[in-house]
Amino acid sequence: MKNKSQKNLENIISKRFFLLSSLKALVVGTISWRFFDLQMVENRKYEKLSDNNQFNYLMIPPERGRILDRKMRLLAGNMDGFSLVLKWNKNIDVPNVIKKILNVVEIDEKDLKNFYDEIKNYKTNQTKEILITKNLSQKDVAKLAVRSVEFPEIFFSMTKKRVYPQGIIAGHITGYIGPYSEKDNKIKVKPYISWLEVGKTGLEKFFDKQLRGKFGRKRNEVTSKGHIIASQVYEKTIAGNDIQISLDMGLQAFAIERFERGNNTLVSVKNKNIKKQIENMREITYVNKKHVYKDKKNRIVNPQSGSLIVMDVETGEILCSVSSPGYDPNIFSDDLETSDWNKLKNNLRAPLLNRSMSGVYPPGSTIKMAVALAALESGIIDYNTKFHCSGSKELGESTFHCWAKNGHGKLNLIEAIEQSCDVYFYELGLKVGIDKIAVMMKKLGLGQYFDIEIDDRSKGVVPNIEWKLKHDGLKWSLGETLNASIGQGYILTTPLQLTTMVSRIANGKFAVTPTLMINKNPKNFEPLKINPKHMMFVKKSMEKVITGSNGTAKNYKIGSKEIEMAGKTGTVQVVRISEAEREKGLIKNEDRPWKKRDHALFVGYAPTSNPKYAISVVVEHGGSGSSVAAPIARDVFKYIFKV
Amino acid sequence: MKKSLNKFSEKTFGKIVLSKLIKINILIIIYIFLLGFVGVLSLYSAAGGSWDPWAKNHLTRLIFGFLLMLILALVPPKFFFKFSVISFFVGIFTLILVKFIGTGNVQRWITISGINFQPSEFMKLGLILILARYFDHISRIQLNKLINYLIPFILILFPGFLVISQPDLGTGLTIILLGLAILFFVGISMKFVIFCFIVFAASVPLIWNQLYDYQKSRILVFLNPEIDSLGSGYQIIQSKIAIGSGGVFGKGYLLGSQSRLNYLPEKHTDFIFTLISEELGFIGSMSIILIFCILIFSILKISFRVESLFSKVVVFGIGFLLFLYFSLNIGMVCGLLPVVGAPLPLISYGGTSLLTFLIGVGIVLSISVHEKN
């Protein structure tokens, strides 16, 4: 029998029972929803996170392709090296591990600093492989490997160190590689890893993609403590392609030595007198550890700086490209000290600048062929048109001087080129006008970029009336035409452009363009559209520069029966000479401070009968083109033709 | 005579046991068996496919506890009624004892001849029994007077705070929650419930100050696991990754990468369900949740059926205890609740909690068997 209160109680209890049951249902519902959300809706996200936990993807760098010269000599290759890598994860006591490692092997302080920097900058918790050092010797590896049980966190990887066996000889052409950073590389590189290296300049940069190859991936299965329990190759590595270029390293080596010597002579530093001089000088570049150059007055001088290019006049292939002073790209393969880098960067002679491609110089008298061709093509003069040179030319209130103070007298075009008479070309310039000269210069390859395999190059300047208006907002004056006619003033050219110009004149038919590749250029270049007779005439006058009795380079004949060179000298004034100075008599070039000396230029080709190679020599502040640049060109041709 | 009497009693004893065994709720047995089996398999997987160190022990304990459960099922409920007061005070005594001779770094264990024993687990059963007895007694007088709830409150809060001070916030709160649920069940005034709720809400800052730093950080981390993704938030984050990456069908038995590579902490105890979810996926976890729900429902159904208030409260209490642990544990592993240290009944590795649940179910079965007619 149930009494009333008991019945009441039962009622309450069943009510509460259902209340609690619905609460429970709610709880179970919430939990089910949560699992649905985690496992069904957001499954992808968590799968990825779990994958990140479970696997650690390791990039396997491909071997970088080699750079070879035209005779398959190595310009850039790889050397075996060993890297020490830390499998970093959040549980690792890094300083302790490093301390233990340092008990066994020595590690460069700079490497350690980079290593700590990288750890400091690494913000997420995912495991990562961080490079400790790249410079581990075989001995070090052996030492560490024996005790590998103590170092579960580290491993070795075979790395390739970039080497440039030719060193400083072709530094500007090969360029160098360095750690990838998005800042200075527009190329997006996937994936980013700390030791990824990409080409920074030169061919290394231009052909970076081909040389680099394709990264492979290794997949490691790692525990939460960072121990790798399984490893498999996930993506195959594809090695980079080799690249063969048109340089001839034998010629390059000879040319650089010959160029830097100039007209100076080698002297041992052991010489007492020399030793004393060196002590008094602030900075001097040695030729090698034991020798320096001295000039004719027994003063110690730096090696000549400037550029020398040899180019095949038919194919445009560059056989030799010297830019002095140079740098050794090998120093970038090891980590370069900031101070060393600054030294290179701030060096007054700018060793990092590839003068051949991006240095710009006024062409001086080497431009006279272009002016002559412009005049001949326009029909204003013929082969026998004569002008009188009295040593200077008056124009308005200014006087324009010829290099020969007393003048050349009456002479025709061929003699004017042979003797490089300035007044003759002043007259030509006035007659032809700057615009026509500019068109001819462009036709011959000046004032333009070429499709060459070096990214850093200059365009130079070929001025005309329109250019001046755009550039300065001023009208072109006739005096500027006179300056341009002898390659001074606004006009600026790169040695590469000058070489191309000579090549086009030498082959006489088509607009050859320069290249560093072998067999790359088309067999048929665009025709030059210049009367071949005029071309022959200009070439004849260039021969006279060497062979003529008054030729500016008559002292520097090759002197072989079969092979002779043709060319044009150029001496570029660097500082303006005032009338007062002229009155007083000029200070001899070699007595001026280096920076104020003239540039010495020579452009030419050989052999004259059947032109094969063109050359340009630019010696910065070298003095006169005829006495400094021409002999270098002659010796290089002698080397090429083995005479 | 004596002989025949013996024979007779033997016979009848056998008959009685048999008749009782038949009456046992076979479904509950099956579910218990299933969950225990899941536990053994999960622990085998947690050890990376090895019987050592957990699966073997768990199986042994399971068999032992299963037998104990069957034996208890045969004992008349009167026995538990009689022992309710003693069991409660034994529980209180051991809880105080653990303060002095406790082992483990947070003093939760008593070691008796090499066997670790966690008094707070048994305390829950003691609490259920004494509350049931109290209300059974008081219901004859009056249950709607608030004053009659004073003693139950003391009975609940005293062991509750003893456990919290061990310190074991999770278990302590479970004890208090369990007690309060029973008070609610027997019909404490709704107004009073609301009043208590407000008081509790008001005293949250006070309680907060009483908490240990690690407890505070657990709650803070629960609110935002990212603030300590390597420390205490690590467990929750990794657990969620494991569950989420399981997907619909899971990574496959023994193939859970999160557990195999040790990203899951406590994968054999509190986070065992994470391992199951990772390896068996949404389908696996839902199946186990379903089994739990049916088991709890089966138990609660008994409480609805039995007559005496003592039996009602005991069955409800045990059913609710099961539910409480189940929901706290699963809510915790999936990040719905802070990490409070609640084992998953019958599946998590741990002898005391396993025995507690099996004894509890044994009591339920006993009530079910004896009050059927």
# chains A, B, ... in the order shown; residues from 1 in each chain; ligands from 1

call {"tool": "select_by_dssp", "arguments": {"residues": "region 274-330 of chain A", "states": "strand (DSSP E)", "output": "ChimeraX atom specification"}}
result
/A:291-294,300-301,306-312,318-324

call {"tool": "write_last_selection", "arguments": {"atoms": "C-alpha atoms", "output": "compact mmCIF listing (two decimals), in the first residue's frame"}}
result
# COMPACT_ATOMS: atom_id res chain seq x y z
CA HIS A 291 105.60 39.94 -56.98
CA VAL A 292 104.27 43.37 -57.73
CA TYR A 293 104.33 45.47 -60.89
CA LYS A 294 106.52 48.49 -61.32
CA ILE A 300 105.07 50.24 -57.77
CA VAL A 301 101.74 50.15 -59.54
CA GLY A 306 89.75 47.58 -67.41
CA SER A 307 88.41 45.09 -69.86
CA LEU A 308 89.49 42.84 -72.68
CA ILE A 309 87.10 40.90 -74.90
CA VAL A 310 87.78 38.54 -77.76
CA MET A 311 84.85 37.61 -79.94
CA ASP A 312 84.31 35.43 -82.97
CA ILE A 318 82.95 35.32 -76.74
CA LEU A 319 86.25 33.52 -76.31
CA CYS A 320 87.67 35.69 -73.65
CA SER A 321 86.17 38.25 -71.36
CA VAL A 322 88.53 39.85 -68.91
CA SER A 323 87.44 42.37 -66.35
CA SER A 324 90.14 43.56 -64.05

call {"tool": "select_by_dssp", "arguments": {"residues": "region 73-241 of chain B", "states": "helix (DSSP H, G or I)", "output": "short mmCIF file (atom, residue, chain, number, x, y, z; two decimals) with N, CA and C atoms, in the first residue's frame"}}
result
data_model
loop_
_atom_site.label_atom_id
_atom_site.label_comp_id
_atom_site.auth_asym_id
_atom_site.auth_seq_id
_atom_site.Cartn_x
_atom_site.Cartn_y
_atom_site.Cartn_z
N ALA B 73 26.25 -9.94 -7.44
CA ALA B 73 24.90 -9.99 -8.01
C ALA B 73 24.03 -10.98 -7.26
N LEU B 74 24.68 -11.95 -6.65
CA LEU B 74 23.91 -12.98 -5.95
C LEU B 74 23.60 -12.58 -4.51
N PRO B 77 20.32 -7.42 -1.60
CA PRO B 77 20.56 -5.99 -1.40
C PRO B 77 20.59 -5.60 0.08
N LYS B 78 19.91 -6.39 0.92
CA LYS B 78 19.91 -6.12 2.36
C LYS B 78 21.34 -5.96 2.89
N PHE B 79 22.19 -6.81 2.34
CA PHE B 79 23.59 -6.81 2.74
C PHE B 79 24.22 -5.44 2.51
N PHE B 80 23.95 -4.87 1.34
CA PHE B 80 24.54 -3.55 1.05
C PHE B 80 23.92 -2.48 1.92
N PHE B 81 22.63 -2.68 2.19
CA PHE B 81 21.93 -1.74 3.06
C PHE B 81 22.61 -1.69 4.42
N LYS B 82 22.93 -2.88 4.90
CA LYS B 82 23.57 -2.97 6.23
C LYS B 82 24.97 -2.36 6.20
N PHE B 83 25.66 -2.62 5.16
CA PHE B 83 27.06 -2.19 5.11
C PHE B 83 27.25 -0.75 4.62
N SER B 84 26.16 -0.08 4.29
CA SER B 84 26.29 1.25 3.70
C SER B 84 27.03 2.21 4.61
N VAL B 85 26.65 2.23 5.92
CA VAL B 85 27.28 3.18 6.84
C VAL B 85 28.75 2.84 7.03
N ILE B 86 29.01 1.55 7.22
CA ILE B 86 30.40 1.14 7.43
C ILE B 86 31.25 1.49 6.20
N SER B 87 30.72 1.17 5.02
CA SER B 87 31.51 1.42 3.82
C SER B 87 31.85 2.91 3.70
N PHE B 88 30.88 3.75 4.06
CA PHE B 88 31.14 5.18 3.97
C PHE B 88 32.28 5.59 4.91
N PHE B 89 32.19 5.10 6.15
CA PHE B 89 33.21 5.54 7.10
C PHE B 89 34.57 4.90 6.83
N VAL B 90 34.55 3.69 6.29
CA VAL B 90 35.83 3.10 5.87
C VAL B 90 36.44 3.98 4.78
N GLY B 91 35.56 4.43 3.88
CA GLY B 91 36.03 5.31 2.80
C GLY B 91 36.65 6.58 3.36
N ILE B 92 35.94 7.23 4.31
CA ILE B 92 36.45 8.46 4.91
C ILE B 92 37.77 8.19 5.61
N PHE B 93 37.81 7.04 6.34
CA PHE B 93 39.02 6.69 7.08
C PHE B 93 40.22 6.53 6.13
N THR B 94 40.00 5.81 5.04
CA THR B 94 41.13 5.61 4.11
C THR B 94 41.54 6.92 3.44
N LEU B 95 40.54 7.80 3.22
CA LEU B 95 40.89 9.10 2.63
C LEU B 95 41.77 9.90 3.56
N ILE B 96 41.48 9.80 4.86
CA ILE B 96 42.32 10.52 5.82
C ILE B 96 43.68 9.83 5.92
N LEU B 97 43.62 8.51 5.90
CA LEU B 97 44.85 7.72 5.98
C LEU B 97 45.80 8.08 4.84
N VAL B 98 45.22 8.26 3.66
CA VAL B 98 46.04 8.51 2.48
C VAL B 98 46.85 9.79 2.63
N LYS B 99 46.34 10.67 3.45
CA LYS B 99 47.06 11.93 3.72
C LYS B 99 48.39 11.64 4.41
N PHE B 100 48.41 10.57 5.22
CA PHE B 100 49.60 10.30 6.00
C PHE B 100 50.50 9.25 5.37
N ILE B 101 49.90 8.21 4.83
CA ILE B 101 50.76 7.14 4.29
C ILE B 101 50.62 7.04 2.79
N PRO B 119 41.75 5.20 -2.66
CA PRO B 119 40.54 5.24 -1.82
C PRO B 119 39.43 6.12 -2.41
N SER B 120 39.81 7.18 -3.13
CA SER B 120 38.79 8.10 -3.61
C SER B 120 37.80 7.41 -4.55
N GLU B 121 38.25 6.36 -5.23
CA GLU B 121 37.35 5.65 -6.13
C GLU B 121 36.26 4.92 -5.34
N PHE B 122 36.69 4.21 -4.27
CA PHE B 122 35.71 3.46 -3.48
C PHE B 122 34.79 4.38 -2.71
N MET B 123 35.33 5.58 -2.43
CA MET B 123 34.55 6.56 -1.69
C MET B 123 33.22 6.84 -2.38
N LYS B 124 33.26 6.82 -3.71
CA LYS B 124 32.04 7.13 -4.47
C LYS B 124 30.93 6.13 -4.18
N LEU B 125 31.32 4.85 -4.14
CA LEU B 125 30.31 3.82 -3.83
C LEU B 125 29.78 4.02 -2.42
N GLY B 126 30.70 4.28 -1.49
CA GLY B 126 30.30 4.52 -0.10
C GLY B 126 29.31 5.65 -0.02
N LEU B 127 29.58 6.71 -0.75
CA LEU B 127 28.70 7.88 -0.72
C LEU B 127 27.32 7.53 -1.27
N ILE B 128 27.29 6.81 -2.37
CA ILE B 128 26.00 6.43 -2.96
C ILE B 128 25.20 5.61 -1.95
N LEU B 129 25.87 4.64 -1.32
CA LEU B 129 25.17 3.75 -0.40
C LEU B 129 24.62 4.50 0.80
N ILE B 130 25.46 5.37 1.40
CA ILE B 130 24.98 6.04 2.62
C ILE B 130 23.87 7.04 2.31
N LEU B 131 23.99 7.72 1.16
CA LEU B 131 22.92 8.65 0.78
C LEU B 131 21.62 7.89 0.54
N ALA B 132 21.73 6.74 -0.13
CA ALA B 132 20.55 5.93 -0.41
C ALA B 132 19.88 5.52 0.90
N ARG B 133 20.73 5.10 1.83
CA ARG B 133 20.18 4.64 3.10
C ARG B 133 19.53 5.79 3.85
N TYR B 134 20.21 6.93 3.83
CA TYR B 134 19.68 8.10 4.54
C TYR B 134 18.31 8.48 3.99
N PHE B 135 18.23 8.56 2.65
CA PHE B 135 16.96 9.00 2.08
C PHE B 135 15.87 7.95 2.25
N ASP B 136 16.30 6.69 2.20
CA ASP B 136 15.34 5.62 2.43
C ASP B 136 14.74 5.78 3.82
N HIS B 137 15.62 6.13 4.78
CA HIS B 137 15.19 6.31 6.16
C HIS B 137 14.33 7.56 6.28
N ILE B 138 14.76 8.68 5.73
CA ILE B 138 14.13 9.97 5.96
C ILE B 138 12.80 10.06 5.21
N LEU B 146 13.82 21.27 4.02
CA LEU B 146 15.22 21.54 3.66
C LEU B 146 16.19 21.06 4.71
N ILE B 147 15.79 21.14 5.97
CA ILE B 147 16.67 20.78 7.08
C ILE B 147 17.18 19.35 6.94
N ASN B 148 16.36 18.52 6.31
CA ASN B 148 16.75 17.12 6.16
C ASN B 148 17.86 16.93 5.13
N TYR B 149 18.16 17.98 4.43
CA TYR B 149 19.25 17.88 3.44
C TYR B 149 20.60 18.30 4.01
N LEU B 150 20.56 18.74 5.27
CA LEU B 150 21.81 19.23 5.88
C LEU B 150 22.83 18.10 6.01
N ILE B 151 22.38 16.98 6.57
CA ILE B 151 23.29 15.84 6.76
C ILE B 151 23.82 15.35 5.41
N PRO B 152 22.95 15.14 4.41
CA PRO B 152 23.49 14.73 3.10
C PRO B 152 24.57 15.68 2.57
N PHE B 153 24.34 16.98 2.77
CA PHE B 153 25.35 17.94 2.31
C PHE B 153 26.69 17.70 2.97
N ILE B 154 26.63 17.47 4.29
CA ILE B 154 27.88 17.18 4.99
C ILE B 154 28.50 15.90 4.45
N LEU B 155 27.62 14.89 4.26
CA LEU B 155 28.10 13.60 3.76
C LEU B 155 28.77 13.75 2.38
N ILE B 156 28.28 14.68 1.61
CA ILE B 156 28.83 14.88 0.26
C ILE B 156 30.10 15.71 0.30
N LEU B 157 30.01 16.85 0.99
CA LEU B 157 31.11 17.82 0.92
C LEU B 157 32.35 17.37 1.66
N PHE B 158 32.16 16.65 2.78
CA PHE B 158 33.33 16.24 3.55
C PHE B 158 34.28 15.37 2.72
N PRO B 159 33.81 14.24 2.19
CA PRO B 159 34.74 13.46 1.35
C PRO B 159 35.17 14.23 0.09
N GLY B 160 34.22 15.01 -0.43
CA GLY B 160 34.55 15.79 -1.64
C GLY B 160 35.77 16.66 -1.43
N PHE B 161 35.75 17.41 -0.33
CA PHE B 161 36.88 18.32 -0.10
C PHE B 161 38.13 17.57 0.33
N LEU B 162 37.92 16.45 1.01
CA LEU B 162 39.10 15.63 1.35
C LEU B 162 39.85 15.23 0.07
N VAL B 163 39.09 14.84 -0.93
CA VAL B 163 39.72 14.40 -2.17
C VAL B 163 40.33 15.59 -2.92
N ILE B 164 39.59 16.69 -2.94
CA ILE B 164 40.12 17.88 -3.62
C ILE B 164 41.44 18.31 -2.99
N LEU B 169 41.34 17.42 -8.00
CA LEU B 169 40.17 18.24 -8.27
C LEU B 169 39.12 17.45 -9.05
N GLY B 170 39.55 16.70 -10.03
CA GLY B 170 38.62 15.98 -10.90
C GLY B 170 37.75 15.02 -10.11
N THR B 171 38.42 14.13 -9.36
CA THR B 171 37.67 13.13 -8.61
C THR B 171 36.81 13.80 -7.54
N GLY B 172 37.37 14.80 -6.88
CA GLY B 172 36.63 15.52 -5.84
C GLY B 172 35.35 16.11 -6.39
N LEU B 173 35.47 16.78 -7.52
CA LEU B 173 34.27 17.40 -8.14
C LEU B 173 33.29 16.32 -8.57
N THR B 174 33.81 15.19 -9.03
CA THR B 174 32.92 14.11 -9.43
C THR B 174 32.09 13.65 -8.23
N ILE B 175 32.79 13.49 -7.09
CA ILE B 175 32.08 13.06 -5.88
C ILE B 175 30.97 14.04 -5.54
N ILE B 176 31.30 15.33 -5.57
CA ILE B 176 30.32 16.35 -5.21
C ILE B 176 29.17 16.36 -6.23
N LEU B 177 29.54 16.31 -7.49
CA LEU B 177 28.51 16.30 -8.55
C LEU B 177 27.58 15.09 -8.39
N LEU B 178 28.18 13.94 -8.10
CA LEU B 178 27.41 12.71 -7.92
C LEU B 178 26.41 12.87 -6.78
N GLY B 179 26.92 13.38 -5.66
CA GLY B 179 26.06 13.60 -4.49
C GLY B 179 24.92 14.55 -4.82
N LEU B 180 25.26 15.66 -5.46
CA LEU B 180 24.24 16.66 -5.79
C LEU B 180 23.18 16.07 -6.73
N ALA B 181 23.65 15.24 -7.66
CA ALA B 181 22.70 14.63 -8.59
C ALA B 181 21.72 13.75 -7.83
N ILE B 182 22.23 13.06 -6.82
CA ILE B 182 21.34 12.19 -6.02
C ILE B 182 20.33 13.05 -5.25
N LEU B 183 20.81 14.16 -4.67
CA LEU B 183 19.90 15.07 -3.96
C LEU B 183 18.81 15.56 -4.90
N PHE B 184 19.24 15.91 -6.11
CA PHE B 184 18.29 16.39 -7.10
C PHE B 184 17.29 15.29 -7.45
N PHE B 185 17.82 14.09 -7.55
CA PHE B 185 17.00 12.95 -7.95
C PHE B 185 15.89 12.68 -6.93
N MET B 190 13.32 22.71 -6.14
CA MET B 190 13.90 23.33 -7.34
C MET B 190 14.44 24.71 -7.03
N LYS B 191 13.71 25.43 -6.17
CA LYS B 191 14.14 26.78 -5.78
C LYS B 191 15.52 26.73 -5.14
N PHE B 192 15.64 25.70 -4.25
CA PHE B 192 16.91 25.56 -3.54
C PHE B 192 18.04 25.25 -4.53
N VAL B 193 17.72 24.46 -5.54
CA VAL B 193 18.74 24.12 -6.55
C VAL B 193 19.23 25.40 -7.24
N ILE B 194 18.25 26.22 -7.60
CA ILE B 194 18.61 27.46 -8.28
C ILE B 194 19.41 28.36 -7.35
N PHE B 195 18.98 28.42 -6.09
CA PHE B 195 19.69 29.22 -5.10
C PHE B 195 21.15 28.75 -4.97
N CYS B 196 21.32 27.44 -4.89
CA CYS B 196 22.67 26.87 -4.77
C CYS B 196 23.53 27.23 -5.98
N PHE B 197 22.89 27.19 -7.11
CA PHE B 197 23.60 27.49 -8.34
C PHE B 197 24.14 28.92 -8.32
N ILE B 198 23.28 29.82 -7.84
CA ILE B 198 23.71 31.22 -7.76
C ILE B 198 24.85 31.38 -6.77
N VAL B 199 24.69 30.71 -5.62
CA VAL B 199 25.76 30.78 -4.61
C VAL B 199 27.07 30.27 -5.19
N PHE B 200 26.98 29.18 -5.92
CA PHE B 200 28.18 28.60 -6.51
C PHE B 200 28.83 29.57 -7.49
N ALA B 201 27.96 30.15 -8.32
CA ALA B 201 28.48 31.09 -9.31
C ALA B 201 29.17 32.26 -8.63
N ALA B 202 28.57 32.69 -7.50
CA ALA B 202 29.14 33.84 -6.79
C ALA B 202 30.47 33.47 -6.14
N SER B 203 30.61 32.20 -5.76
CA SER B 203 31.82 31.83 -5.03
C SER B 203 32.94 31.35 -5.96
N VAL B 204 32.71 31.43 -7.26
CA VAL B 204 33.74 30.98 -8.21
C VAL B 204 35.07 31.68 -7.98
N PRO B 205 35.08 33.01 -7.81
CA PRO B 205 36.38 33.67 -7.59
C PRO B 205 37.07 33.16 -6.33
N LEU B 206 36.26 32.86 -5.32
CA LEU B 206 36.81 32.36 -4.07
C LEU B 206 37.47 31.01 -4.27
N ILE B 207 36.74 30.17 -4.98
CA ILE B 207 37.26 28.83 -5.26
C ILE B 207 38.53 28.94 -6.10
N TRP B 208 38.48 29.86 -7.06
CA TRP B 208 39.63 30.07 -7.96
C TRP B 208 40.90 30.32 -7.16
N ASN B 209 40.77 31.14 -6.11
CA ASN B 209 41.95 31.45 -5.31
C ASN B 209 42.46 30.25 -4.54
N GLN B 210 41.55 29.32 -4.27
CA GLN B 210 41.95 28.14 -3.50
C GLN B 210 42.66 27.11 -4.37
N ASP B 213 48.19 26.07 -8.57
CA ASP B 213 48.58 26.69 -9.84
C ASP B 213 48.35 25.78 -11.03
N TYR B 214 48.67 24.48 -10.83
CA TYR B 214 48.54 23.59 -11.99
C TYR B 214 47.07 23.42 -12.37
N GLN B 215 46.21 23.51 -11.33
CA GLN B 215 44.78 23.40 -11.61
C GLN B 215 44.28 24.64 -12.34
N LYS B 216 44.77 25.79 -11.88
CA LYS B 216 44.39 27.03 -12.56
C LYS B 216 44.83 26.99 -14.01
N SER B 217 46.08 26.56 -14.19
CA SER B 217 46.60 26.59 -15.55
C SER B 217 45.83 25.62 -16.43
N ARG B 218 45.40 24.49 -15.84
CA ARG B 218 44.63 23.54 -16.63
C ARG B 218 43.34 24.18 -17.14
N ILE B 219 42.71 24.94 -16.27
CA ILE B 219 41.45 25.56 -16.67
C ILE B 219 41.70 26.66 -17.69
N LEU B 220 42.74 27.46 -17.45
CA LEU B 220 43.08 28.51 -18.41
C LEU B 220 43.42 27.92 -19.77
N VAL B 221 44.19 26.85 -19.71
CA VAL B 221 44.60 26.22 -20.95
C VAL B 221 43.40 25.61 -21.66
N PHE B 222 42.46 25.10 -20.85
CA PHE B 222 41.25 24.56 -21.46
C PHE B 222 40.52 25.67 -22.24
N LEU B 223 40.48 26.83 -21.63
CA LEU B 223 39.78 27.93 -22.30
C LEU B 223 40.51 28.34 -23.56
N PRO B 225 43.77 26.55 -25.42
CA PRO B 225 44.92 25.62 -25.43
C PRO B 225 46.17 26.23 -26.04
N GLU B 226 46.00 27.22 -26.92
CA GLU B 226 47.16 27.76 -27.62
C GLU B 226 48.12 28.51 -26.69
N ILE B 227 47.63 28.95 -25.51
CA ILE B 227 48.53 29.72 -24.64
C ILE B 227 49.68 28.86 -24.14
N ASP B 228 49.49 27.58 -24.19
CA ASP B 228 50.58 26.71 -23.73
C ASP B 228 50.60 25.46 -24.58
N SER B 232 50.72 22.29 -20.85
CA SER B 232 49.48 21.60 -20.55
C SER B 232 48.48 21.64 -21.71
N GLY B 233 48.62 22.63 -22.59
CA GLY B 233 47.74 22.65 -23.76
C GLY B 233 48.09 21.57 -24.77
N TYR B 234 49.32 21.07 -24.64
CA TYR B 234 49.82 20.06 -25.57
C TYR B 234 48.89 18.85 -25.64
N GLN B 235 48.47 18.38 -24.43
CA GLN B 235 47.62 17.20 -24.38
C GLN B 235 46.35 17.40 -25.19
N ILE B 236 45.70 18.54 -24.95
CA ILE B 236 44.41 18.78 -25.61
C ILE B 236 44.62 18.89 -27.12
N ILE B 237 45.65 19.66 -27.50
CA ILE B 237 45.88 19.86 -28.93
C ILE B 237 46.18 18.54 -29.63
N GLN B 238 47.10 17.78 -29.04
CA GLN B 238 47.47 16.51 -29.67
C GLN B 238 46.30 15.55 -29.69
N SER B 239 45.49 15.58 -28.63
CA SER B 239 44.34 14.70 -28.58
C SER B 239 43.34 15.05 -29.68
N LYS B 240 43.13 16.36 -29.86
CA LYS B 240 42.20 16.78 -30.92
C LYS B 240 42.74 16.40 -32.29
N ILE B 241 44.05 16.56 -32.47
CA ILE B 241 44.66 16.17 -33.75
C ILE B 241 44.42 14.69 -34.02
#

call {"tool": "interface_residues", "arguments": {"of": "chain A", "to": "chain B", "cutoff": "8 Å", "atoms": "only C-alpha atoms", "output": "PyMOL selection string"}}
result
chain A and resi 6+9+12-14+16-17+20+24+27-28+31-32+34-36+38-40+42-50+53-54+222-225

call {"tool": "atom_distance", "arguments": {"atom1": "CA of Ile454 (chain A)", "atom2": "CA of Pro514 (chain A)"}}
result
11.0 Å

call {"tool": "residues_around", "arguments": {"residues": "region 235-251 of chain A", "least_positions_apart": "4", "cutoff": "8 Å", "atoms": "only C-alpha atoms", "output": "PyMOL selection string"}}
result
chain A and resi 60-73+210-218+255+317-321+515-518+636+639-640

call {"tool": "residues_around", "arguments": {"residues": "region 33-47 of chain B", "least_positions_apart": "6", "cutoff": "9 Å", "atoms": "only C-alpha atoms", "output": "ChimeraX atom specification"}}
result
/B:53-59,62,66,253-256,259-260,267-269,272-273,275-276,288,291-292,345-349

call {"tool": "residues_around", "arguments": {"residues": "Thr608 (chain A)", "least_positions_apart": "5", "cutoff": "12 Å", "atoms": "only C-alpha atoms", "output": "PyMOL selection string"}}
result
chain A and resi 505-507+536+539-547+557-558+560-567+613-614+637

call {"tool": "write_last_selection", "arguments": {"atoms": "C-alpha atoms", "output": "short mmCIF file (atom, residue, chain, number, x, y, z; two decimals), in the first residue's frame"}}
result
data_model
loop_
_atom_site.label_atom_id
_atom_site.label_comp_id
_atom_site.auth_asym_id
_atom_site.auth_seq_id
_atom_site.Cartn_x
_atom_site.Cartn_y
_atom_site.Cartn_z
CA ILE A 505 82.76 45.85 -89.35
CA ALA A 506 85.10 42.87 -89.61
CA ASN A 507 82.54 40.49 -91.06
CA MET A 536 85.97 47.49 -97.32
CA LYS A 539 88.57 48.07 -93.03
CA LYS A 540 91.43 49.12 -95.29
CA SER A 541 91.94 52.26 -93.25
CA MET A 542 91.90 50.18 -90.04
CA GLU A 543 94.67 48.05 -91.53
CA LYS A 544 96.62 51.24 -92.17
CA VAL A 545 96.49 52.04 -88.43
CA ILE A 546 98.84 49.09 -87.97
CA THR A 547 100.67 48.87 -91.27
CA LYS A 557 102.44 44.76 -85.82
CA ILE A 558 101.98 41.04 -85.38
CA SER A 560 103.64 37.43 -89.44
CA LYS A 561 103.42 36.91 -93.17
CA GLU A 562 100.00 35.28 -92.99
CA ILE A 563 98.40 37.08 -90.13
CA GLU A 564 98.20 40.76 -89.40
CA MET A 565 95.70 42.66 -87.36
CA ALA A 566 93.69 45.77 -88.12
CA GLY A 567 92.26 48.14 -85.59
CA TYR A 613 88.31 37.38 -84.16
CA ALA A 614 87.53 40.85 -82.93
CA PHE A 637 96.29 37.82 -81.21
#

call {"tool": "atom_distance", "arguments": {"atom1": "CA of Met441 (chain A)", "atom2": "CA of Val423 (chain A)"}}
result
19.7 Å

call {"tool": "atom_distance", "arguments": {"atom1": "CA of Val502 (chain A)", "atom2": "CA of Lys568 (chain A)"}}
result
9.5 Å

call {"tool": "residues_around", "arguments": {"residues": "Val17 (chain B)", "least_positions_apart": "6", "cutoff": "12 Å", "atoms": "only C-alpha atoms", "output": "PyMOL selection string"}}
result
chain B and resi 9-11+23-24+70-76+366+369-370

call {"tool": "residues_around", "arguments": {"residues": "region 472-482 of chain A", "least_positions_apart": "5", "cutoff": "10 Å", "atoms": "only C-alpha atoms", "output": "ChimeraX atom specification"}}
result
/A:393-396,398-400,422-423,425-435,437,463-467,487-491
